[in-house]
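Visitor: What follows is the file input24.cif, containing mmCIF, C-alpha atoms:
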```
data_start
loop_
_atom_site.label_atom_id
_atom_site.label_comp_id
_atom_site.auth_asym_id
_atom_site.auth_seq_id
_atom_site.Cartn_x
_atom_site.Cartn_y
_atom_site.Cartn_z
CA MET R 1 50.71 77.63 -54.98
CA THR R 2 49.45 79.46 -51.87
CA ASN R 3 48.67 82.66 -53.75
CA ARG R 4 46.86 80.73 -56.49
CA LYS R 5 44.74 78.92 -53.91
CA THR R 6 43.99 82.18 -52.09
CA LEU R 7 42.89 83.86 -55.33
CA TYR R 8 40.56 80.94 -56.02
CA LEU R 9 39.02 81.40 -52.59
CA VAL R 10 38.53 85.09 -53.26
CA LEU R 11 36.48 84.25 -56.36
CA PHE R 12 34.71 81.50 -54.42
CA PHE R 13 33.74 83.84 -51.59
CA SER R 14 32.42 86.48 -53.97
CA ALA R 15 29.69 84.04 -54.95
CA LEU R 16 29.29 82.23 -51.64
CA LEU R 17 29.17 84.90 -48.95
CA VAL R 18 25.88 86.49 -49.86
CA LYS R 19 23.80 85.18 -47.00
CA GLY R 20 23.37 87.03 -43.73
CA PHE R 21 25.98 86.86 -41.03
CA GLY R 22 25.86 86.79 -37.23
CA GLN R 23 26.86 89.48 -34.80
CA PHE R 24 29.13 89.47 -31.75
CA LEU R 25 31.07 86.21 -32.02
CA TYR R 26 33.01 84.98 -29.00
CA PRO R 27 35.89 82.46 -29.41
CA PHE R 28 37.43 80.64 -26.45
CA ASN R 29 39.38 77.55 -25.39
CA ASP R 30 37.39 75.41 -22.95
CA ASN R 31 38.69 73.53 -19.89
CA PHE R 32 39.92 70.73 -22.17
CA ASN R 33 41.68 73.22 -24.49
CA ARG R 34 39.23 72.68 -27.33
CA PHE R 35 38.58 75.77 -29.44
CA TYR R 36 34.97 76.96 -29.57
CA VAL R 37 33.09 79.89 -31.00
CA PHE R 38 29.78 81.22 -29.71
CA ASP R 39 27.59 82.39 -32.60
CA GLU R 40 23.90 83.34 -32.48
CA GLY R 41 23.12 81.30 -29.36
CA VAL R 42 25.12 78.22 -30.41
CA PHE R 43 28.46 76.97 -29.06
CA GLU R 44 30.34 75.39 -31.97
CA GLN R 45 33.61 73.48 -31.65
CA LEU R 46 36.07 74.51 -34.37
CA GLU R 47 39.27 72.71 -33.27
CA PHE R 48 40.19 69.83 -30.97
CA GLN R 49 43.34 71.64 -29.80
CA PRO R 50 43.85 75.16 -28.39
CA VAL R 51 44.28 78.19 -30.62
CA ASP R 52 46.61 80.85 -29.26
CA GLU R 53 46.11 83.59 -31.87
CA TYR R 54 42.81 84.73 -33.31
CA PHE R 55 41.19 87.88 -34.70
CA VAL R 56 37.56 88.81 -34.08
CA GLY R 57 35.25 91.28 -35.77
CA ASN R 58 31.54 91.85 -35.42
CA ALA R 59 30.78 89.17 -38.02
CA TYR R 60 33.96 87.11 -38.49
CA LEU R 61 36.56 85.06 -36.67
CA ALA R 62 39.97 84.42 -38.23
CA TYR R 63 42.67 82.29 -36.62
CA PHE R 64 45.74 80.16 -37.13
CA ASP R 65 44.82 76.56 -36.43
CA PRO R 66 47.17 74.15 -34.56
CA ARG R 67 48.85 73.32 -37.88
CA GLY R 68 49.52 77.00 -38.60
CA ARG R 69 46.94 77.27 -41.38
CA PHE R 70 44.93 80.47 -41.72
CA GLN R 71 41.22 79.83 -41.16
CA LEU R 72 38.13 82.02 -41.43
CA TYR R 73 34.82 81.41 -39.66
CA PHE R 74 32.08 83.47 -41.29
CA GLY R 75 28.35 83.07 -41.78
CA GLY R 76 28.32 79.90 -39.66
CA GLU R 77 30.94 78.13 -41.80
CA LYS R 78 34.70 77.55 -41.59
CA HIS R 79 36.95 78.15 -44.62
CA GLU R 80 40.68 77.61 -45.05
CA LEU R 81 42.26 80.71 -46.56
CA SER R 82 45.90 79.70 -46.69
CA LEU R 83 48.42 77.04 -45.68
CA ASN R 84 50.82 79.80 -44.59
CA ARG R 85 50.64 82.69 -42.15
CA PRO R 86 49.95 86.14 -43.60
CA ASN R 87 50.29 89.45 -41.78
CA VAL R 88 46.83 90.10 -40.34
CA TYR R 89 45.10 93.38 -39.43
CA SER R 90 41.73 93.11 -37.71
CA THR R 91 39.02 95.67 -36.84
CA ASP R 92 35.31 95.37 -36.06
CA HIS R 93 34.34 95.63 -39.73
CA PHE R 94 37.52 94.91 -41.73
CA LEU R 95 39.81 91.91 -41.87
CA ALA R 96 42.90 92.71 -43.95
CA TYR R 97 45.79 90.34 -44.53
CA GLN R 98 48.90 90.50 -46.68
CA PHE R 99 50.95 87.91 -48.55
CA GLY R 100 54.05 89.58 -49.95
CA SER R 101 52.82 92.45 -52.12
CA GLN R 102 49.19 91.25 -52.22
CA ILE R 103 46.56 92.67 -49.86
CA PHE R 104 43.24 90.89 -49.30
CA LEU R 105 40.25 92.33 -47.50
CA LEU R 106 37.09 90.91 -45.98
CA GLU R 107 34.66 93.79 -46.37
CA GLY R 108 31.07 93.15 -45.35
CA ASN R 109 30.26 89.80 -46.97
CA LYS R 110 32.91 90.11 -49.69
CA LEU R 111 36.46 88.78 -49.58
CA HIS R 112 38.61 90.19 -52.37
CA GLN R 113 42.09 91.32 -53.35
CA ILE R 114 42.50 95.10 -53.19
CA GLU R 115 46.18 95.48 -54.12
CA SER R 116 48.83 93.50 -56.00
CA TRP R 117 51.88 95.74 -55.57
CA ALA R 118 52.00 96.88 -51.95
CA LEU R 119 55.29 97.18 -50.11
CA GLN R 120 55.91 94.41 -47.61
CA GLU R 121 55.57 96.51 -44.50
CA ASP R 122 52.93 97.51 -41.98
CA LEU R 123 49.53 98.62 -43.22
CA TRP R 124 47.25 101.13 -41.54
CA VAL R 125 43.81 99.57 -41.19
CA SER R 126 40.62 100.89 -39.58
CA ASP R 127 36.91 100.09 -39.84
CA SER R 128 36.62 101.88 -43.19
CA ILE R 129 40.13 102.69 -44.49
CA VAL R 130 43.19 100.68 -45.55
CA ALA R 131 46.34 102.76 -46.21
CA TYR R 132 49.60 101.47 -47.66
CA ASN R 133 52.67 102.28 -49.73
CA ASP R 134 53.15 100.53 -53.06
CA VAL R 135 56.24 99.47 -55.02
CA TYR R 136 55.93 102.60 -57.19
CA ASN R 137 56.56 104.82 -54.15
CA ARG R 138 52.95 105.96 -53.90
CA PHE R 139 50.86 106.28 -50.75
CA ASN R 140 47.38 104.90 -51.31
CA VAL R 141 44.09 104.53 -49.48
CA TYR R 142 41.34 102.02 -50.10
CA GLN R 143 37.82 102.99 -49.09
CA THR R 144 34.34 101.89 -50.18
CA ASP R 145 35.29 99.58 -53.07
CA SER R 146 37.88 101.93 -54.55
CA ALA R 147 41.52 102.90 -54.13
CA GLN R 148 43.15 106.27 -54.69
CA THR R 149 46.65 107.72 -54.45
CA LEU R 150 47.08 110.42 -51.82
CA GLU R 151 50.80 111.11 -52.28
CA SER R 152 53.40 110.38 -54.96
CA TRP R 153 55.92 109.29 -52.35
CA ASN R 154 56.00 106.82 -49.50
CA ILE R 155 54.59 107.79 -46.09
CA TYR R 156 56.01 106.30 -42.89
CA THR R 157 54.44 108.40 -40.12
CA ALA R 158 50.66 108.08 -39.84
CA SER R 159 47.78 107.54 -37.43
CA ILE R 160 44.41 106.02 -38.31
CA SER R 161 40.95 105.95 -36.71
CA ASN R 162 37.52 104.64 -37.69
CA ASN R 163 37.08 107.06 -40.58
CA SER R 164 40.15 109.32 -40.64
CA LEU R 165 43.83 109.03 -41.54
CA ALA R 166 46.41 111.58 -40.38
CA TYR R 167 49.96 111.59 -41.73
CA LEU R 168 53.06 113.68 -42.40
CA ASP R 169 53.79 114.32 -46.06
CA ILE R 170 57.24 114.69 -47.62
CA ASN R 171 57.37 118.34 -46.47
CA LYS R 172 56.41 117.34 -42.89
CA GLN R 173 53.02 118.98 -43.22
CA LEU R 174 50.26 117.39 -41.15
CA LYS R 175 47.47 116.18 -43.44
CA LEU R 176 44.15 114.49 -42.77
CA PHE R 177 42.12 112.22 -45.03
CA SER R 178 38.53 111.97 -43.77
CA ARG R 179 35.26 111.01 -45.48
CA GLY R 180 36.91 111.04 -48.90
CA GLN R 181 38.47 114.50 -48.55
CA GLN R 182 42.07 115.53 -47.96
CA TYR R 183 43.00 118.51 -45.75
CA ILE R 184 46.22 120.31 -44.80
CA VAL R 185 45.83 120.64 -41.04
CA TRP R 186 49.14 122.20 -40.02
CA PRO R 187 51.96 123.54 -42.25
CA THR R 188 54.88 122.51 -40.01
CA GLN R 189 55.85 119.26 -38.33
CA PRO R 190 54.05 118.58 -35.02
CA THR R 191 55.88 116.84 -32.20
CA ALA R 192 53.01 114.34 -31.80
CA PHE R 193 49.65 113.65 -33.43
CA THR R 194 46.81 111.12 -33.21
CA ALA R 195 43.79 110.70 -35.46
CA GLY R 196 40.25 110.40 -34.08
CA GLN R 197 36.84 110.27 -35.68
CA ASN R 198 36.63 113.31 -37.99
CA LEU R 199 39.50 114.87 -36.05
CA VAL R 200 43.21 114.91 -35.38
CA ALA R 201 44.82 116.13 -32.16
CA PHE R 202 48.42 117.32 -32.29
CA GLN R 203 51.12 119.12 -30.35
CA THR R 204 52.76 122.00 -32.17
CA GLY R 205 56.48 122.69 -32.10
CA ILE R 206 56.00 125.31 -29.35
CA GLY R 207 53.93 122.98 -27.15
CA ASP R 208 50.34 123.99 -27.89
CA LEU R 209 47.70 121.28 -28.05
CA GLN R 210 45.48 121.74 -31.10
CA VAL R 211 42.52 119.76 -32.39
CA TRP R 212 41.30 119.91 -35.98
CA TYR R 213 37.64 118.90 -35.86
CA GLU R 214 35.02 119.27 -38.61
CA ASP R 215 37.17 121.79 -40.52
CA GLU R 216 37.72 123.97 -37.42
CA LEU R 217 40.94 124.38 -35.40
CA TYR R 218 40.69 124.45 -31.59
CA THR R 219 43.45 125.31 -29.10
CA LEU R 220 42.90 123.17 -26.00
CA THR R 221 45.89 124.25 -23.91
CA TYR R 222 49.17 126.07 -24.33
CA ASN R 223 51.19 123.47 -22.46
CA THR R 224 50.86 119.78 -23.23
CA ASN R 225 53.49 118.52 -20.79
CA GLY R 226 50.81 116.24 -19.35
CA GLY R 227 50.23 114.61 -22.71
CA PHE R 228 46.95 113.76 -24.44
CA ASP R 229 44.98 110.70 -25.56
CA VAL R 230 42.53 110.27 -28.43
CA SER R 231 39.78 107.74 -29.09
CA ASP R 232 36.96 108.21 -31.59
CA GLU R 233 35.47 111.66 -30.81
CA LEU R 234 37.17 112.09 -27.42
CA VAL R 235 40.46 113.85 -26.62
CA THR R 236 41.62 113.80 -22.99
CA PHE R 237 44.26 116.26 -21.81
CA TYR R 238 45.69 118.12 -18.82
CA ASP R 239 45.43 121.91 -18.83
CA ASP R 240 48.09 124.41 -17.71
CA LEU R 241 47.08 123.97 -14.04
CA GLY R 242 47.09 120.18 -14.19
CA GLY R 243 43.32 119.77 -14.47
CA PHE R 244 41.88 116.74 -16.25
CA ASN R 245 39.68 117.60 -19.26
CA VAL R 246 37.99 116.02 -22.25
CA PHE R 247 37.24 117.54 -25.66
CA TYR R 248 34.07 116.27 -27.33
CA GLN R 249 32.39 117.58 -30.50
CA GLY R 250 33.92 121.05 -30.32
CA VAL R 251 33.54 121.57 -26.54
CA SER R 252 36.06 121.10 -23.71
CA TYR R 253 34.65 119.67 -20.46
CA PRO R 254 36.57 120.03 -17.15
CA LEU R 255 36.38 116.72 -15.28
CA LEU R 256 38.77 117.14 -12.34
CA ALA R 257 40.99 119.92 -11.02
CA TYR R 258 43.76 117.34 -10.63
CA ARG R 259 44.98 114.13 -12.20
CA PRO R 260 42.65 111.14 -11.76
CA LEU R 261 43.91 108.18 -9.76
CA SER R 262 43.32 106.10 -12.90
CA TYR R 263 41.48 106.42 -16.18
CA GLU R 264 40.78 104.45 -19.34
CA LEU R 265 39.75 105.74 -22.75
CA LYS R 266 38.39 103.50 -25.50
CA GLU R 267 36.09 104.23 -28.41
CA ASN R 268 33.58 106.84 -27.17
CA GLN R 269 33.80 105.77 -23.53
CA LEU R 270 35.92 107.39 -20.83
CA VAL R 271 36.09 106.13 -17.23
CA TRP R 272 38.14 107.43 -14.30
CA SER R 273 38.54 107.43 -10.54
CA ASP R 274 38.81 110.57 -8.38
CA ARG R 275 40.67 111.03 -5.08
CA ASN R 276 37.71 109.64 -3.16
CA GLY R 277 37.90 106.42 -5.15
CA PHE R 278 34.58 107.11 -6.91
CA PHE R 279 34.07 105.58 -10.35
CA PHE R 280 32.92 107.97 -13.12
CA THR R 281 32.20 107.86 -16.83
CA PHE R 282 31.80 110.51 -19.49
CA TYR R 283 29.41 109.72 -22.32
CA LYS R 284 28.09 112.15 -24.95
CA GLY R 285 28.65 115.26 -22.85
CA GLU R 286 27.28 113.80 -19.60
CA ILE R 287 29.25 112.86 -16.46
CA THR R 288 27.85 109.90 -14.53
CA ARG R 289 29.06 108.48 -11.22
CA LEU R 290 28.73 104.74 -11.63
CA GLU R 291 29.89 103.59 -8.19
CA SER R 292 31.32 104.90 -4.92
CA TYR R 293 34.33 102.61 -5.35
CA MET R 294 36.75 101.78 -8.17
CA PRO R 295 36.30 98.23 -9.53
CA ASP R 296 39.40 96.05 -9.71
CA LYS R 297 38.69 95.10 -13.32
CA ILE R 298 36.99 97.09 -16.09
CA THR R 299 36.56 96.16 -19.75
CA ILE R 300 35.39 98.47 -22.54
CA ASP R 301 34.46 97.45 -26.07
CA ASN R 302 31.81 98.37 -28.64
CA ASN R 303 30.67 101.28 -26.40
CA LEU R 304 29.90 98.89 -23.51
CA ILE R 305 31.56 99.22 -20.08
CA VAL R 306 31.61 96.04 -17.94
CA TYR R 307 32.73 95.78 -14.32
CA GLN R 308 32.02 93.88 -11.10
CA ASP R 309 29.91 95.43 -8.38
CA ILE R 310 30.90 95.24 -4.73
CA ASN R 311 29.19 91.83 -4.44
CA GLY R 312 31.02 90.35 -7.43
CA ARG R 313 28.14 90.51 -9.91
CA LEU R 314 28.60 92.09 -13.33
CA LYS R 315 27.25 95.49 -14.28
CA GLY R 316 27.15 97.12 -17.68
CA PHE R 317 26.92 100.72 -18.87
CA SER R 318 25.86 101.37 -22.46
CA GLN R 319 24.03 104.16 -24.28
CA GLY R 320 23.91 106.20 -21.08
CA GLU R 321 22.21 103.45 -19.02
CA LYS R 322 23.51 101.17 -16.26
CA TYR R 323 22.12 97.62 -16.02
CA SER R 324 22.83 94.17 -14.54
CA ILE R 325 24.63 91.57 -16.66
CA SER R 326 24.83 88.67 -14.21
CA SER R 327 22.67 87.68 -11.23
CA ARG R 328 25.42 85.28 -10.17
CA ILE R 329 28.84 86.05 -8.73
CA ALA R 330 31.48 85.99 -11.48
CA THR R 331 34.85 84.46 -10.66
CA ASP R 332 36.27 86.08 -13.81
CA PHE R 333 35.03 87.82 -16.95
CA ASP R 334 36.16 89.14 -20.29
CA GLN R 335 34.59 90.94 -23.24
CA ILE R 336 34.76 91.02 -27.04
CA ASN R 337 32.56 93.66 -28.66
CA GLN R 338 29.23 93.42 -26.79
CA ALA R 339 29.64 89.73 -25.92
CA VAL R 340 30.59 89.23 -22.26
CA LEU R 341 31.97 85.88 -21.10
CA TYR R 342 31.98 85.23 -17.36
CA ARG R 343 32.64 82.17 -15.21
CA GLU R 344 30.29 81.14 -12.44
CA ASN R 345 32.75 78.41 -11.46
CA ARG R 346 35.38 76.25 -13.12
CA PHE R 347 32.84 74.19 -15.06
CA ARG R 348 29.99 76.61 -15.81
CA TRP R 349 30.55 79.57 -18.11
CA HIS R 350 28.10 82.15 -19.40
CA ILE R 351 28.01 84.44 -22.39
CA ASN R 352 25.76 87.48 -22.19
CA ILE R 353 24.87 89.47 -25.28
CA GLN R 354 22.65 92.52 -24.85
CA GLY R 355 20.77 90.99 -21.92
CA GLU R 356 20.48 87.44 -23.31
CA ASP R 357 22.36 84.90 -21.19
CA TYR R 358 23.69 81.57 -22.52
CA THR R 359 25.28 78.79 -20.44
CA PHE R 360 28.24 76.60 -21.43
CA GLU R 361 29.01 73.50 -19.31
#
```
Represent the supplied structure as structure tokens.
Guide:
Amino acid sequence: MTNRKTLYLVLFFSALLVKGFGQFLYPFNDNFNRFYVFDEGVFEQLEFQPVDEYFVGNAYLAYFDPRGRFQLYFGGEKHELSLNRPNVYSTDHFLAYQFGSQIFLLEGNKLHQIESWALQEDLWVSDSIVAYNDVYNRFNVYQTDSAQTLESWNIYTASISNNSLAYLDINKQLKLFSRGQQYIVWPTQPTAFTAGQNLVAFQTGIGDLQVWYEDELYTLTYNTNGGFDVSDELVTFYDDLGGFNVFYQGVSYPLLAYRPLSYELKENQLVWSDRNGFFFTFYKGEITRLESYMPDKITIDNNLIVYQDINGRLKGFSQGEKYSISSRIATDFDQINQAVLYRENRFRWHINIQGEDYTFE
């Protein structure tokens, strides 16, 4: 019954969801535990009771309502997708969910079924790729309205990014699927690997840190005891002398001669604190000192950094520029994509989107 109803909604959405859709939704429970969404300057109440699990993209909000039903808010309207809970995978641009062997995908303004015979296990989902094993022991990827088989056996070790999928094949070779092409990156099993945007960073069996980027292989260091992190086009790592570095678009940049006191890496933004407690960011090859202190709280999403200045007001850093978000002291704040919610007090909340400020009371 549930699957039949879901299939009907897929056909229904194919005809219905053709109008434009908003950007940067922000869901929240208010002081009375009612569930709201902020969409294009309007605060809309969706439920009279709190919602404890939801999934947000640039243009959609999916959630389980207080009765456990799976709901979708899209294009200013709410739609019930299922009476039961599916497994849900959410990114900025994709909403994938699975009932048994069936996989459904909200892609742009189209909700449709992309697979009928997937194994009932975890999917790998990014902003442009869905990867899965099927009941015929094949490893498949879905991308841009089409699916293809990458391997004739199941794959269980993989890493996915916005536009790339790295995995170990049956022979333990490291392979990369990126922009519709498949590459053999390394012929033997690495000890660790992580996919980025058009790249994969990996540690070889003898401890070297390598990065495959744009069909070129780079050796970053010969000792990866300090580990490495990957996000979009950035790879952070410690060199043989313990220095803190970042690899970006084929170039390694030394940031510190020692380990930072703290750092955070998300999307194409990297922030860290040095021994003096100064607050830095690296963006597109440039190092910028944001403050002479390290904020207590920092959020990063959709290439926007948000933090409180020394007076408690919110600052943002995006596209290489620092700017003010709030003229008032914020008692607390949070961020989803480029929508920033902050509280002036218990009863007055604000949502700021790209400089536009909206008040909720």
Visitor: From the options R:Gly242, R:Pro86, R:Gly108, R:Gly312, which residue's atoms come nearest to Thr221 (chain R), counting only C-alpha atoms?
Guide: R:Gly242
Visitor: Would you be able to write out as number ranges by chain which residues have an atom within 12 Å of (53.5, 106.2, -41.6) in the file's coordinates, counting all atoms listed in the file?
Guide: R: 121-125, 131-133, 139-140, 153-160, 165-170, 172, 174-175, 193-194
Visitor: Residues picked by the PyMOL selection byres ((chain R and resi 201) around 12) here, as a ChimeraX atom specification?
Guide: /R:159-161,164-167,174-176,185-186,190-200,202-204,208-213,216-221,224,227-237,247-248
Visitor: Go through R:Gly41, R:Leu111, R:Gly76, R:Gln182 and flag the residue nearest Thr359 (chain R), using only C-alpha atoms for the distances.
Guide: R:Gly41
Visitor: Interatomic distance between CA of Tyr307 (chain R) and CA of Trp349 (chain R)?
Guide: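 Separation of CA of Tyr307 (chain R) and CA of Trp349 (chain R): 16.8 Å.
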Visitor: Where does the PyMOL selection byres ((chain R and resi 55) around 10) land in this file, that is, which residues does it pick, as a ChimeraX atom specification?
Guide: /R:27,53-54,56-57,60-64,72,88-92,95
Visitor: Counting all atoms listed in the file, what is within 10 Å of Gly320 (chain R), bar same-chain residues fewer than 2 positions away, as a ChimeraX atom specification?
Guide: /R:281-284,286-288,303-304,317-318,322
Visitor: Report, in Å to a single decimal, how far apart CA of Ile325 (chain R) and CA of Tyr358 (chain R) are.
Guide: 11.6 Å
Visitor: Please give the centre and size of the box around region 310-319 of chain R (axis-aligned, containing every atom listed in the file, 5 Å added per side), with values in Å to one decimal and written as lines of an AutoDock Vina configuration file.
Guide:
```
center_x = 27.5
center_y = 97.3
center_z = -14.4
size_x = 17.0
size_y = 23.8
size_z = 29.8
```
Visitor: Have a look at R:Val51, R:Leu314, R:Ala59, R:Val130 and name the one nearest to Asn337 (chain R); count all atoms listed in the file.
Guide: R:Ala59
Visitor: What does the distance from CA of Ile336 (chain R) to CA of Asp301 (chain R) come to in Å, to one decimal?
Guide: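 Straight-line distance from CA of Ile336 (chain R) to CA of Asp301 (chain R) works out to 6.5 Å.
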Visitor: For a cut-off of 9 Å around (48.7, 93.3, -51.7), file coordinates, pick out all residues using all atoms listed in the file and list them as a PyMOL selection string.
Guide: chain R and resi 97-104+113-120+134
Visitor: Just C-alpha atoms for this one: save the residues we selected as a compact mmCIF listing (two decimals), keeping the file's coordinate frame.
Guide:
```txt
# COMPACT_ATOMS: atom_id res chain seq x y z
CA TYR R 97 45.79 90.34 -44.53
CA GLN R 98 48.90 90.50 -46.68
CA PHE R 99 50.95 87.91 -48.55
CA GLY R 100 54.05 89.58 -49.95
CA SER R 101 52.82 92.45 -52.12
CA GLN R 102 49.19 91.25 -52.22
CA ILE R 103 46.56 92.67 -49.86
CA PHE R 104 43.24 90.89 -49.30
CA GLN R 113 42.09 91.32 -53.35
CA ILE R 114 42.50 95.10 -53.19
CA GLU R 115 46.18 95.48 -54.12
CA SER R 116 48.83 93.50 -56.00
CA TRP R 117 51.88 95.74 -55.57
CA ALA R 118 52.00 96.88 -51.95
CA LEU R 119 55.29 97.18 -50.11
CA GLN R 120 55.91 94.41 -47.61
CA ASP R 134 53.15 100.53 -53.06
```
Visitor: Give as a short mmCIF file (atom, residue, chain, number, x, y, z; two decimals) with C-alpha atoms, in the coordinates of the input the residues that the PyMOL selection byres ((chain R and resi 44) around 12) matches when applied to the coordinates above.
Guide:
```cif
data_model
loop_
_atom_site.label_atom_id
_atom_site.label_comp_id
_atom_site.auth_asym_id
_atom_site.auth_seq_id
_atom_site.Cartn_x
_atom_site.Cartn_y
_atom_site.Cartn_z
CA LEU R 25 31.07 86.21 -32.02
CA TYR R 26 33.01 84.98 -29.00
CA PRO R 27 35.89 82.46 -29.41
CA PHE R 28 37.43 80.64 -26.45
CA ASN R 29 39.38 77.55 -25.39
CA ASP R 30 37.39 75.41 -22.95
CA ARG R 34 39.23 72.68 -27.33
CA PHE R 35 38.58 75.77 -29.44
CA TYR R 36 34.97 76.96 -29.57
CA VAL R 37 33.09 79.89 -31.00
CA PHE R 38 29.78 81.22 -29.71
CA ASP R 39 27.59 82.39 -32.60
CA GLU R 40 23.90 83.34 -32.48
CA GLY R 41 23.12 81.30 -29.36
CA VAL R 42 25.12 78.22 -30.41
CA PHE R 43 28.46 76.97 -29.06
CA GLN R 45 33.61 73.48 -31.65
CA LEU R 46 36.07 74.51 -34.37
CA GLU R 47 39.27 72.71 -33.27
CA PHE R 48 40.19 69.83 -30.97
CA TYR R 73 34.82 81.41 -39.66
CA GLY R 76 28.32 79.90 -39.66
CA GLU R 77 30.94 78.13 -41.80
CA LYS R 78 34.70 77.55 -41.59
CA PHE R 360 28.24 76.60 -21.43
#
```
Visitor: Tell me, as a VMD selection string, which residues lie within 10 Å of Phe278 (chain R), counting only C-alpha atoms; anything in the same chain fewer than 2 positions away does not count.
Guide: chain R and resid 261 272 to 276 280 289 to 295
Visitor: Can you tell me which residues surround Asn31 (chain R) at a distance of at most 10 Å, considering only C-alpha atoms, apart from same-chain residues fewer than 6 positions away, and format the answer as a list in words?
Guide: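 Counting only C-alpha atoms, the residues come to Arg346, Phe347 and Glu361 of chain R.
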Visitor: Could you add all heavy atoms to region 287-292 of chain R and give me the result as a PDB file, keeping the file's coordinate frame?
Guide:
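And here's result_15.pdb as it stands now:
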```pdb
ATOM      1  N   ILE R 287      28.413 113.529 -17.452  1.00  0.00           N
ATOM      2  CA  ILE R 287      29.250 112.860 -16.460  1.00  0.00           C
ATOM      3  C   ILE R 287      28.347 112.061 -15.532  1.00  0.00           C
ATOM      4  O   ILE R 287      27.394 112.596 -14.968  1.00  0.00           O
ATOM      5  CB  ILE R 287      30.075 113.883 -15.655  1.00  0.00           C
ATOM      6  CG1 ILE R 287      31.006 114.675 -16.586  1.00  0.00           C
ATOM      7  CG2 ILE R 287      30.882 113.178 -14.573  1.00  0.00           C
ATOM      8  CD1 ILE R 287      31.727 115.814 -15.891  1.00  0.00           C
ATOM      9  N   THR R 288      28.655 110.774 -15.371  1.00  0.00           N
ATOM     10  CA  THR R 288      27.850 109.900 -14.530  1.00  0.00           C
ATOM     11  C   THR R 288      28.744 109.207 -13.510  1.00  0.00           C
ATOM     12  O   THR R 288      29.780 108.651 -13.883  1.00  0.00           O
ATOM     13  CB  THR R 288      27.136 108.819 -15.363  1.00  0.00           C
ATOM     14  OG1 THR R 288      26.312 109.451 -16.351  1.00  0.00           O
ATOM     15  CG2 THR R 288      26.273 107.925 -14.486  1.00  0.00           C
ATOM     16  N   ARG R 289      28.353 109.259 -12.229  1.00  0.00           N
ATOM     17  CA  ARG R 289      29.060 108.480 -11.220  1.00  0.00           C
ATOM     18  C   ARG R 289      28.446 107.089 -11.192  1.00  0.00           C
ATOM     19  O   ARG R 289      27.277 106.932 -10.850  1.00  0.00           O
ATOM     20  CB  ARG R 289      28.967 109.129  -9.848  1.00  0.00           C
ATOM     21  CG  ARG R 289      29.943 108.499  -8.841  1.00  0.00           C
ATOM     22  CD  ARG R 289      29.892 109.154  -7.489  1.00  0.00           C
ATOM     23  NE  ARG R 289      28.823 108.581  -6.672  1.00  0.00           N
ATOM     24  CZ  ARG R 289      28.581 108.933  -5.405  1.00  0.00           C
ATOM     25  NH1 ARG R 289      29.318 109.887  -4.837  1.00  0.00           N
ATOM     26  NH2 ARG R 289      27.593 108.374  -4.726  1.00  0.00           N
ATOM     27  N   LEU R 290      29.240 106.099 -11.555  1.00  0.00           N
ATOM     28  CA  LEU R 290      28.730 104.740 -11.630  1.00  0.00           C
ATOM     29  C   LEU R 290      28.723 104.053 -10.270  1.00  0.00           C
ATOM     30  O   LEU R 290      27.786 103.327  -9.941  1.00  0.00           O
ATOM     31  CB  LEU R 290      29.554 103.916 -12.624  1.00  0.00           C
ATOM     32  CG  LEU R 290      29.447 104.339 -14.095  1.00  0.00           C
ATOM     33  CD1 LEU R 290      30.387 103.492 -14.946  1.00  0.00           C
ATOM     34  CD2 LEU R 290      28.024 104.213 -14.591  1.00  0.00           C
ATOM     35  N   GLU R 291      29.795 104.241  -9.491  1.00  0.00           N
ATOM     36  CA  GLU R 291      29.890 103.590  -8.190  1.00  0.00           C
ATOM     37  C   GLU R 291      30.691 104.473  -7.239  1.00  0.00           C
ATOM     38  O   GLU R 291      31.420 105.381  -7.664  1.00  0.00           O
ATOM     39  CB  GLU R 291      30.589 102.218  -8.307  1.00  0.00           C
ATOM     40  CG  GLU R 291      29.949 101.245  -9.268  1.00  0.00           C
ATOM     41  CD  GLU R 291      28.576 100.733  -8.826  1.00  0.00           C
ATOM     42  OE1 GLU R 291      28.218 100.958  -7.652  1.00  0.00           O
ATOM     43  OE2 GLU R 291      27.887 100.098  -9.648  1.00  0.00           O
ATOM     44  N   SER R 292      30.553 104.186  -5.944  1.00  0.00           N
ATOM     45  CA  SER R 292      31.320 104.900  -4.920  1.00  0.00           C
ATOM     46  C   SER R 292      32.618 104.161  -4.584  1.00  0.00           C
ATOM     47  O   SER R 292      33.189 104.354  -3.515  1.00  0.00           O
ATOM     48  CB  SER R 292      30.480 105.080  -3.656  1.00  0.00           C
ATOM     49  OG  SER R 292      30.052 103.820  -3.164  1.00  0.00           O
TER      50      SER R 292
END
```
